[in-house]
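See below for the structure under consideration.
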Amino acid sequence: MKPAVLLAVLVACQTLFSVAQAQTAQTAQMQQGQKDQLDSNKDGVVQRSEYQAFMQAAFTNLDRNRNGRLEPSEVEAVLTKAQFAATDANSDGVLSKAEFMNRVMADFAAADRSGDGNLQ
Ligand SMILES: [Ca+2]
Ligand SMILES: [Ca+2]
Ligand SMILES: [Ca+2]
């Protein structure tokens with residue numbers, strides 16, 4: 001399964017956190033850069049807790065009007081309409097933090113093929 005939302009959000013966050021790196025990076029380097037940002041204790045492995053903390057910060061960064069929800073305009077650069085609709089579990093047109101976290105943590109689980117809670 002391809003963790004499409006995860007990658008989209010990571011690219012967006014990398015743009016927010018590390019613009020210069022994102023501008024010139026090739027795909028492989030960008031993925032390494034994303035991993036470096038997620039791996040906050042620098043042990044070479046992205047733990048589920050690190051990923052969760054990063055995504056909570058990402059939600060805050062994406063929520064530009066600080067209303068605790070993500071409107072389509074706030075995430076149009078990182079989510080397609082179909083991805084937004086798939087993440088908007090109650091179909092009310094905005095993403096709550098719970099909806100966002102449920103989706104990105106499902107993406108983590110999909111990416112964690114070994115199921116040990118770590119991304120190598
Ligand atoms: Ca780590
Ligand atoms: Ca908002
Ligand atoms: Ca919703």
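By convention here, the chains of the structure tokens are called A, B, ... in the order presented, each chain's residues are numbered starting at 1, and ligands are numbered starting at 1 in the order presented.
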
Item to check | Contacts of ligand 3, 6 Å or closer, only C-alpha atoms and all ligand atoms, given as a PyMOL selection string | outcome: chain A and resi 88-96

Quick one: residues within 10 Å of ligand 1, with only C-alpha atoms and all ligand atoms, as a CSV table (one decimal) with N, CA and C atoms, in the first residue's frame?
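Result file follows (out14.csv):
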```csv
chain,number,residue,atom,x,y,z
A,35,LYS,N,13.2,11.7,6.4
A,35,LYS,CA,13.5,10.8,7.5
A,35,LYS,C,14.3,11.5,8.5
A,36,ASP,N,15.3,12.3,8.1
A,36,ASP,CA,16.1,13.0,9.1
A,36,ASP,C,15.3,13.9,10.0
A,37,GLN,N,14.3,14.5,9.4
A,37,GLN,CA,13.4,15.4,10.2
A,37,GLN,C,12.6,14.7,11.1
A,38,LEU,N,12.1,13.5,10.7
A,38,LEU,CA,11.2,12.7,11.6
A,38,LEU,C,12.0,12.0,12.7
A,39,ASP,N,13.3,11.7,12.4
A,39,ASP,CA,14.1,10.9,13.4
A,39,ASP,C,14.7,11.9,14.4
A,40,SER,N,13.9,12.3,15.4
A,40,SER,CA,14.3,13.4,16.2
A,40,SER,C,15.4,13.0,17.2
A,41,ASN,N,15.5,11.7,17.5
A,41,ASN,CA,16.6,11.2,18.4
A,41,ASN,C,17.8,10.7,17.6
A,42,LYS,N,17.7,10.8,16.3
A,42,LYS,CA,18.9,10.5,15.4
A,42,LYS,C,19.5,9.1,15.6
A,43,ASP,N,18.6,8.1,15.8
A,43,ASP,CA,19.1,6.7,16.0
A,43,ASP,C,18.9,6.0,14.6
A,44,GLY,N,18.5,6.7,13.6
A,44,GLY,CA,18.4,6.1,12.3
A,44,GLY,C,17.1,5.4,12.0
A,45,VAL,N,16.2,5.4,13.0
A,45,VAL,CA,14.9,4.7,12.9
A,45,VAL,C,13.9,5.8,13.2
A,46,VAL,N,12.8,5.8,12.5
A,46,VAL,CA,11.7,6.7,12.8
A,46,VAL,C,10.7,5.9,13.7
A,47,GLN,N,10.7,6.2,15.0
A,47,GLN,CA,9.7,5.5,15.9
A,47,GLN,C,8.3,6.1,15.7
A,48,ARG,N,7.3,5.3,16.0
A,48,ARG,CA,5.9,5.7,15.9
A,48,ARG,C,5.7,7.0,16.7
A,49,SER,N,6.3,7.1,17.9
A,49,SER,CA,6.2,8.3,18.7
A,49,SER,C,6.8,9.5,18.1
A,50,GLU,N,7.9,9.4,17.4
A,50,GLU,CA,8.5,10.5,16.7
A,50,GLU,C,7.6,11.0,15.5
A,51,TYR,N,7.1,10.0,14.8
A,51,TYR,CA,6.2,10.3,13.7
A,51,TYR,C,5.0,11.0,14.2
A,118,ASN,N,8.4,0.9,14.0
A,118,ASN,CA,9.6,1.7,13.6
A,118,ASN,C,9.6,1.7,12.1
A,119,LEU,N,10.1,2.8,11.5
A,119,LEU,CA,10.4,2.8,10.1
A,119,LEU,C,11.9,2.9,10.0
A,120,GLN,N,12.5,1.9,9.3
A,120,GLN,CA,13.9,1.8,9.2
A,120,GLN,C,14.4,2.8,8.2
```

Item to check | Protein and nucleic acid residues within 10 Å of ligand 2 (only C-alpha atoms and all ligand atoms) as a ChimeraX atom specification | outcome: /A:59-75,94-96

Residues from the last selection, C-alpha atoms, saved as a PDB file, in the first residue's frame:
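Written file, again_6.pdb:
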```
ATOM      1  CA  PHE A  59      -1.233  19.831  11.786  1.00  0.00           C
ATOM      2  CA  THR A  60      -0.517  23.009  13.743  1.00  0.00           C
ATOM      3  CA  ASN A  61       1.609  24.370  10.909  1.00  0.00           C
ATOM      4  CA  LEU A  62      -0.995  23.588   8.275  1.00  0.00           C
ATOM      5  CA  ASP A  63      -3.804  25.143  10.343  1.00  0.00           C
ATOM      6  CA  ARG A  64      -2.956  28.660   9.275  1.00  0.00           C
ATOM      7  CA  ASN A  65      -6.075  30.307  10.712  1.00  0.00           C
ATOM      8  CA  ARG A  66      -5.591  28.474  14.027  1.00  0.00           C
ATOM      9  CA  ASN A  67      -9.151  27.228  14.343  1.00  0.00           C
ATOM     10  CA  GLY A  68      -8.121  23.682  15.169  1.00  0.00           C
ATOM     11  CA  ARG A  69      -9.369  22.299  11.855  1.00  0.00           C
ATOM     12  CA  LEU A  70      -7.928  22.011   8.387  1.00  0.00           C
ATOM     13  CA  GLU A  71     -10.032  23.612   5.677  1.00  0.00           C
ATOM     14  CA  PRO A  72      -9.561  22.587   2.026  1.00  0.00           C
ATOM     15  CA  SER A  73      -7.747  25.872   1.312  1.00  0.00           C
ATOM     16  CA  GLU A  74      -5.160  25.090   3.991  1.00  0.00           C
ATOM     17  CA  VAL A  75      -4.233  21.713   2.563  1.00  0.00           C
ATOM     18  CA  VAL A  94     -13.051  20.081   7.235  1.00  0.00           C
ATOM     19  CA  LEU A  95     -10.429  17.849   8.813  1.00  0.00           C
ATOM     20  CA  SER A  96     -10.448  17.654  12.570  1.00  0.00           C
TER      21      SER A  96
END
```

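Interatomic distance, atom CA of Phe100 of chain A to atom CA of Gly33 of chain A: 22.5 Å.
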
Item to check | Who sits within 9 Å of Met101 of chain A, only C-alpha atoms, same chain under 4 positions skipped, as a ChimeraX atom specification | outcome: /A:52,55-56,59,96-97,105-106
